[in-house]
Structure formats: structure tokens, C-alpha cells
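Beneath this line is the structure, given in C-alpha cells, with notes to follow.
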Amino acid sequence: MDDVISGAYVFTGERSARSYALNKMANSLSSPENRKRFQADEAGYMRGLGCSDTQIYLVLRRDWRGMMEQGASIYLLLKIGAAVGVPLPEIGAHTAGRTLAEHNARRGQL
Amino acid sequence: MATVIGGIGTSHAPTIGVAWDRGQQKEPMWAPLFDGYVPARQWLDEMRPDLFLIVYNDHVNQFFFDNYPTFALGVGAVHAQADEGWGKRPLPDLPGDPDFAWHLARSLVNDEFDPTICQEMSLDHGVLSFLPLLTDTDWKVPVVPLAVNVIQHPIPTPRRLFRLGTALRRAIESYPKDRRIVVFGTGGLTHQLHGKNFGIKNAAWDNEFMDRLETEPAALSELSTQDYMERGGTEGVEMIMWLAMRGALGGNVKRVHRNYTAPLTTGYGLLVLET
């Protein structure tokens, strides 16, 4: 199977292993208590869960495309998005290299 | 003896749950979706099912990648709702059916399908987004959920899902109690949630898939995982779970109802088949 299909990274076991700390941090945001702790100090919370400096930097910059390049799962990015108030269309558009406005302008043709 | 009285293929999506909770059923964008479920709900009311067997996928809400099962069967008496990151929806926990579920576990293992057995398995929008569109939310009909890994590759092949369906049928028909069971295949249809094709859908393929699921499901199950992702997106591969539903129905089926609408990033399909 190809590694990139339909213009997107296939979430393989290798990607899952590479992004494990970031995905695990995002998974912890399924509890309201953890969402509050994360919102209060994103970098400190992530550091405490073993995320790398690069992963912390990408989250602080809301660099969803960069997170995907690190091997993250889109479903875990949605949990980070839920905690910081960024919805799927904005995350998805960013991974495509577009702004939300550019994405919405294209939507009629999709 | 238990029987398969029919099957339902349905998309699942968080947005369906959000729109439902906000009461947007009659809004122009959503009415084609919600109105499309009304005939399916009427059919269910007439068919008086005793049990829903739902083949679905978890979206990293119950399971994380520390332990990610290829197949997982919920055998508990109650299935809690997972918090997907937005907080829980105002819905009660779902009743399970441990007696049938343990029978299903034994039958599947005997048939060389080996699910992870879960006495606690919280459910996400993979089940809870569409279910309120089909039944009252006091959940009178118990649910036995069967989760499939369609997220972390390698994932089971389309053919494996179709064969899983035939094993589900054997399990149902060997259950000694009288039960009228509807088998669900959920997910899809086409959607691509990231990468340069974010937001792309393929209505032609969605409709071809629903056509052929009725008439030639074995041929559909011979397509590769990559074929499904090329046509329907890396997340659209969820639609292979409909093959399990179809496999459980056996040879000839009667189409009761079908609906398709795609207002956002996902092709929303609905197909009701009777055995």
C-alpha cells in the first residue's frame, strides 16, 4: 500500500509510534479536568506528558500541518482542537495549506 | 432461534450529533439528512427488533494506541458514552445484551474471528450519532457493539469484513433464543479529513457503492483497502464496515429505503435492506 493516498498520509503503525507522545497527550484531553490543566499551561502540561520541544512548539503555533508531518492522527488533532477552540474545517484546511476562507470558497466544487 | 431480519448501512459523524442536539433537524442544510431517516425509523418500528448488532469504529475514544484491537466486542450489560473532547451529550447509557454477546464471542472464535472481549466499552459517535435518529433515546432495544480498527494501519481487508458478516449470521442463527436482530454497518461514506484533498467527497462512488452493496457485495469486497482510500479518502475507508452488515444478510435482499446527502465534509449514506 502507498504511504500517501488521496493526498494524505496513511496513519501507519510507524507513524503512530513516531507521534506516540503527542497522540497520548491529546488523548488525555478526553477528560474535562485535563482539558482545564492543558488550557491553563499548554507547554507545561505537554512537557509533563513527555512531549518533545518540537511537538510543544507545533501545538503552541496551532501548526496542524506540522503535527500531521510529525505523524499525528487526525482524530487526536481534533481533541487538541476541541480543547483550544479550533474546529475540524480550520484544522483540515490548514493541513491542506489553505486558510479556512480559501477552503470555504472551494467547498462548492468539492 | 434468532434471525437476521434486516440490515442498516449508515454514516456516522460528530456533526450529526451536534445538529441533533441543537434541534437543527428542519434547517435547510440538515433536513435532507434527518428527513431521510424517517422511513428507516418507521421500518424499524414495524419490524419490532429485539437487538441491534452494530459494526462500527471507535475514533480513539474508548481505545488508544497503547492497545488497539483489530476487532473488539462489547459484552457488558451497559455501554457508557465516551467524552470525545467536547463533553458528553445528554443521552443515557445504552443497554447491552451479555447473554447474546458471549454467545457471539464463542461463535466468532469458533469461526476463526478472535475479537478482544470488552466488559466495559464506552461508545462514541460511531454509534451515538445516528442512533437517536432511528429510535427513542430511552434505548428500549439493546445494542451489542463490534468495533473494527479502520484507523491504524494495517487494518482488516474489505474481504475480511465481508466474511465477518457471514460469521455474524452463523452466530445469530445458532443462538437458541428467539431474537429479531438488525445488523448495522456504519461509517463513511467518502470523506478526507486532512491533506491536500481535505473536504473532498465522491458522490458517484458513494452511490455506486450502495448500488453494488445490494447486488454484488462479494465483488465489492474484492477491492483493496487502497482502492477504497483512493476513491473515498483515507477516512472514507470506514465504508468497508458496511460489507460486514451485507455479509450478515446472505444472498438476496430487498431494498426498503435509501438516502444520500453531502452538505459538509462527508457523504452521508443510509441504506435499509430486508432479508
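By convention here, the chains of the C-alpha cells are called A, B, ... in the order presented, each chain's residues are numbered starting at 1, and ligands are numbered starting at 1 in the order presented.
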
Given only C-alpha atoms, how would the per-residue table for chain B near chain A read, listing every residue at most 9 Å away with its closest atom pair and distance in Å to one decimal, sorted by chain and number, as a Markdown table?
| residue | atom | partner | partner_atom | distance |
| --- | --- | --- | --- | --- |
| B:His59 | CA | A:Tyr75 | CA | 6.4 |
| B:Val60 | CA | A:Tyr75 | CA | 6.8 |
| B:Asn61 | CA | A:Ser30 | CA | 7.6 |
| B:Phe64 | CA | A:Asn27 | CA | 7.4 |
| B:Phe65 | CA | A:Ser16 | CA | 7.4 |
| B:Asp66 | CA | A:Lys24 | CA | 8.6 |
| B:Ala82 | CA | A:Ser30 | CA | 8.3 |
| B:Asp83 | CA | A:Ser30 | CA | 5.7 |
| B:Glu84 | CA | A:Ser30 | CA | 5.7 |
| B:Gly85 | CA | A:Ser30 | CA | 4.6 |
| B:Trp86 | CA | A:Ala82 | CA | 6.0 |
| B:Gly87 | CA | A:Pro32 | CA | 7.1 |
| B:Ile151 | CA | A:Phe11 | CA | 6.9 |
| B:Gln152 | CA | A:Phe11 | CA | 5.6 |
| B:His153 | CA | A:Thr12 | CA | 4.5 |
| B:Pro154 | CA | A:Thr12 | CA | 6.7 |
| B:Gln192 | CA | A:Ser6 | CA | 7.9 |
| B:Leu193 | CA | A:Gly92 | CA | 5.8 |
| B:His194 | CA | A:Gly92 | CA | 4.8 |
| B:Gly195 | CA | A:Ala8 | CA | 4.4 |
| B:Lys196 | CA | A:Ala96 | CA | 4.1 |
| B:Asn197 | CA | A:Gly7 | CA | 5.8 |
| B:Phe198 | CA | A:Gly92 | CA | 5.8 |
| B:Gly199 | CA | A:Leu110 | CA | 6.8 |
| B:Ile200 | CA | A:Leu110 | CA | 5.2 |
| B:Lys201 | CA | A:Leu110 | CA | 6.3 |
| B:Asn202 | CA | A:Leu110 | CA | 8.4 |
| B:Thr225 | CA | A:Met1 | CA | 8.2 |
| B:Gln226 | CA | A:Met1 | CA | 6.3 |
| B:Met229 | CA | A:Ile5 | CA | 6.7 |
| B:Glu230 | CA | A:Ser6 | CA | 5.5 |
| B:Arg231 | CA | A:Ser6 | CA | 8.0 |
| B:Gly232 | CA | A:Ser6 | CA | 8.3 |
| B:Gly233 | CA | A:Ser6 | CA | 5.8 |
| B:Thr234 | CA | A:Val10 | CA | 6.7 |
| B:Leu264 | CA | A:Arg107 | CA | 8.5 |
| B:Thr265 | CA | A:Pro89 | CA | 8.4 |

Query raised in the report: Just asking: which residues within chain A are strand (DSSP E or B) according to DSSP, as a ChimeraX atom specification?
Result: /A:4-5,8-9,12

**Report entry** Nearest to B:Gly74, chosen from B:Leu131, B:Leu123, B:Val141, B:Leu146, with only C-alpha atoms counted in the distances
**Finding:**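 Ranked by minimum distance to B:Gly74, first place goes to B:Leu146.
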
Requested in this report: Can you pull out every residue within 9 Å of A:Gly66, counting only C-alpha atoms, but drop anything in the same chain fewer than 6 positions away, and send it as a PyMOL selection string?
Outcome: chain A and resi 55+58-59+95

Please write the residues from the selection above to a file, keeping C-alpha atoms, as a compact mmCIF listing (two decimals), in the first residue's frame.
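Listing of selection34.txt after writing:
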# COMPACT_ATOMS: atom_id res chain seq x y z
CA GLN A 55 5.70 18.84 19.41
CA LEU A 58 3.79 22.91 16.85
CA VAL A 59 0.83 22.86 19.25
CA THR A 95 -3.25 20.57 6.67

Requested in this report: Please provide the set of residues having any atom within 8 Å of stretch 34-43 of chain B, restricted to only C-alpha atoms, with same-chain residues fewer than 4 positions apart removed, written as a PyMOL selection string.
Outcome: chain B and resi 25-26+30+47+133-135+256-260+270+272

Query raised in the report: Do you have the atom CA of B:Trp20-atom CA of A:Pro87 distance handy?
Result: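 So the two atoms, atom CA of B:Trp20 and atom CA of A:Pro87, lie 17.8 Å apart.
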
Query - Distance query B:Leu189 at most 9 Å, only C-alpha atoms, self and fewer than 6 positions along chain excluded, as a list in words - result: Thr10, Ser11, His12, Lys201, Asn202, Ala203, Asp206, Gly232, Glu235, Gly236, Val237, Glu238, Met239, Thr266, Gly267, Tyr268 and Gly269 of chain B

Export of prior selection with N, CA and C atoms as an mmCIF file, in the first residue's frame:
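result24.cif written:
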data_model
loop_
_atom_site.group_PDB
_atom_site.id
_atom_site.type_symbol
_atom_site.label_atom_id
_atom_site.label_comp_id
_atom_site.auth_asym_id
_atom_site.auth_seq_id
_atom_site.Cartn_x
_atom_site.Cartn_y
_atom_site.Cartn_z
ATOM 1 N N THR B 10 -25.289 2.936 7.577
ATOM 2 C CA THR B 10 -25.465 4.366 7.879
ATOM 3 C C THR B 10 -24.128 5.027 8.143
ATOM 4 N N SER B 11 -24.009 6.265 7.685
ATOM 5 C CA SER B 11 -22.845 7.065 8.044
ATOM 6 C C SER B 11 -22.922 7.421 9.515
ATOM 7 N N HIS B 12 -21.768 7.755 10.086
ATOM 8 C CA HIS B 12 -21.754 8.331 11.426
ATOM 9 C C HIS B 12 -20.830 9.544 11.378
ATOM 10 N N LYS B 201 -15.231 14.850 -1.517
ATOM 11 C CA LYS B 201 -16.180 13.743 -1.453
ATOM 12 C C LYS B 201 -16.299 13.155 -2.853
ATOM 13 N N ASN B 202 -16.929 11.988 -2.935
ATOM 14 C CA ASN B 202 -17.066 11.317 -4.215
ATOM 15 C C ASN B 202 -18.470 10.714 -4.283
ATOM 16 N N ALA B 203 -19.431 11.567 -4.655
ATOM 17 C CA ALA B 203 -20.833 11.136 -4.644
ATOM 18 C C ALA B 203 -21.081 9.992 -5.629
ATOM 19 N N ASP B 206 -19.913 6.889 -3.905
ATOM 20 C CA ASP B 206 -20.819 6.575 -2.794
ATOM 21 C C ASP B 206 -22.067 5.863 -3.309
ATOM 22 N N GLY B 232 -12.397 7.044 -1.936
ATOM 23 C CA GLY B 232 -13.243 7.663 -0.908
ATOM 24 C C GLY B 232 -12.510 8.397 0.184
ATOM 25 N N GLU B 235 -10.042 8.481 5.311
ATOM 26 C CA GLU B 235 -11.030 8.225 6.364
ATOM 27 C C GLU B 235 -12.279 7.540 5.795
ATOM 28 N N GLY B 236 -12.532 7.758 4.511
ATOM 29 C CA GLY B 236 -13.684 7.124 3.854
ATOM 30 C C GLY B 236 -13.603 5.612 3.844
ATOM 31 N N VAL B 237 -12.422 5.075 4.147
ATOM 32 C CA VAL B 237 -12.253 3.622 4.192
ATOM 33 C C VAL B 237 -13.186 2.980 5.219
ATOM 34 N N GLU B 238 -13.740 3.796 6.125
ATOM 35 C CA GLU B 238 -14.744 3.285 7.079
ATOM 36 C C GLU B 238 -15.869 2.520 6.387
ATOM 37 N N MET B 239 -16.159 2.871 5.148
ATOM 38 C CA MET B 239 -17.314 2.254 4.489
ATOM 39 C C MET B 239 -17.166 0.747 4.317
ATOM 40 N N THR B 266 -18.552 15.111 4.569
ATOM 41 C CA THR B 266 -18.759 13.655 4.471
ATOM 42 C C THR B 266 -19.972 13.351 3.624
ATOM 43 N N GLY B 267 -19.864 12.316 2.791
ATOM 44 C CA GLY B 267 -21.045 11.794 2.093
ATOM 45 C C GLY B 267 -21.853 10.979 3.078
ATOM 46 N N TYR B 268 -23.077 11.454 3.371
ATOM 47 C CA TYR B 268 -23.929 10.746 4.338
ATOM 48 C C TYR B 268 -24.843 9.777 3.581
ATOM 49 N N GLY B 269 -24.601 8.489 3.769
ATOM 50 C CA GLY B 269 -25.433 7.482 3.141
ATOM 51 C C GLY B 269 -26.299 6.763 4.157
#

Query raised in the report: Between atom CA of B:Ala167 and atom CA of B:Glu208, what is the distance, to one decimal in Å?
Result: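 Answer for the atom CA of B:Ala167 to atom CA of B:Glu208 separation: 25.5 Å.
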
Requested in this report: Mind checking which residues fall within 12 Å of stretch 68-73 of chain B, counting only C-alpha atoms, ignoring those fewer than 5 positions away in the same chain, and posting them as a PyMOL selection string?
Outcome: (chain A and resi 13+16) or (chain B and resi 53-63+79+96-98+100-106+108-109+113-123+143-157+160-161+164+168+241)

Convert the current residue selection to file output with C-alpha atoms, as an mmCIF file, in the first residue's frame.
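Writing done, so here's selection.cif:
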data_model
loop_
_atom_site.group_PDB
_atom_site.id
_atom_site.type_symbol
_atom_site.label_atom_id
_atom_site.label_comp_id
_atom_site.auth_asym_id
_atom_site.auth_seq_id
_atom_site.Cartn_x
_atom_site.Cartn_y
_atom_site.Cartn_z
ATOM 1 C CA GLY A 13 1.885 1.830 12.803
ATOM 2 C CA SER A 16 1.648 6.004 15.278
ATOM 3 C CA LEU B 53 -25.723 -5.697 16.398
ATOM 4 C CA ILE B 54 -23.635 -2.695 15.357
ATOM 5 C CA VAL B 55 -20.356 -2.965 13.458
ATOM 6 C CA TYR B 56 -18.663 0.408 13.883
ATOM 7 C CA ASN B 57 -15.328 2.003 14.611
ATOM 8 C CA ASP B 58 -14.081 3.830 17.649
ATOM 9 C CA HIS B 59 -12.341 7.150 16.918
ATOM 10 C CA VAL B 60 -9.651 6.846 19.583
ATOM 11 C CA ASN B 61 -12.186 7.466 22.342
ATOM 12 C CA GLN B 62 -12.543 4.043 24.002
ATOM 13 C CA PHE B 63 -9.259 2.667 22.679
ATOM 14 C CA HIS B 79 -22.298 0.757 27.415
ATOM 15 C CA GLY B 96 -26.187 -4.281 26.200
ATOM 16 C CA ASP B 97 -27.061 -7.966 25.939
ATOM 17 C CA PRO B 98 -24.354 -10.022 27.688
ATOM 18 C CA PHE B 100 -26.123 -12.875 23.266
ATOM 19 C CA ALA B 101 -22.740 -11.127 23.245
ATOM 20 C CA TRP B 102 -20.958 -14.041 24.940
ATOM 21 C CA HIS B 103 -22.646 -16.431 22.536
ATOM 22 C CA LEU B 104 -21.401 -14.235 19.697
ATOM 23 C CA ALA B 105 -17.881 -14.293 21.166
ATOM 24 C CA ARG B 106 -17.855 -18.107 21.307
ATOM 25 C CA LEU B 108 -16.881 -15.943 16.258
ATOM 26 C CA VAL B 109 -13.835 -17.546 17.862
ATOM 27 C CA PHE B 113 -12.541 -14.498 14.183
ATOM 28 C CA ASP B 114 -10.962 -13.542 17.505
ATOM 29 C CA PRO B 115 -12.274 -10.280 18.922
ATOM 30 C CA THR B 116 -10.917 -8.601 22.029
ATOM 31 C CA ILE B 117 -13.638 -9.103 24.640
ATOM 32 C CA CYS B 118 -14.614 -5.909 26.468
ATOM 33 C CA GLN B 119 -16.735 -5.959 29.615
ATOM 34 C CA GLU B 120 -16.561 -2.180 29.596
ATOM 35 C CA MET B 121 -16.626 -0.397 26.251
ATOM 36 C CA SER B 122 -17.668 3.232 26.023
ATOM 37 C CA LEU B 123 -19.214 4.296 22.737
ATOM 38 C CA VAL B 143 -27.077 -2.939 21.494
ATOM 39 C CA VAL B 144 -24.150 -5.295 21.015
ATOM 40 C CA PRO B 145 -21.262 -3.260 19.566
ATOM 41 C CA LEU B 146 -18.446 -4.739 17.497
ATOM 42 C CA ALA B 147 -15.606 -2.283 16.939
ATOM 43 C CA VAL B 148 -13.247 -2.563 13.957
ATOM 44 C CA ASN B 149 -9.859 -0.907 13.544
ATOM 45 C CA VAL B 150 -10.097 1.203 10.400
ATOM 46 C CA ILE B 151 -7.701 3.876 11.697
ATOM 47 C CA GLN B 152 -4.235 2.486 12.461
ATOM 48 C CA HIS B 153 -2.838 0.529 9.528
ATOM 49 C CA PRO B 154 -2.645 -2.355 8.894
ATOM 50 C CA ILE B 155 -6.441 -2.631 9.081
ATOM 51 C CA PRO B 156 -8.511 -5.694 8.148
ATOM 52 C CA THR B 157 -9.226 -6.113 4.443
ATOM 53 C CA ARG B 160 -12.281 -9.899 5.863
ATOM 54 C CA LEU B 161 -15.150 -7.581 6.766
ATOM 55 C CA LEU B 164 -17.012 -11.310 9.275
ATOM 56 C CA LEU B 168 -22.160 -12.886 12.317
ATOM 57 C CA MET B 241 -17.763 -1.888 7.605
#
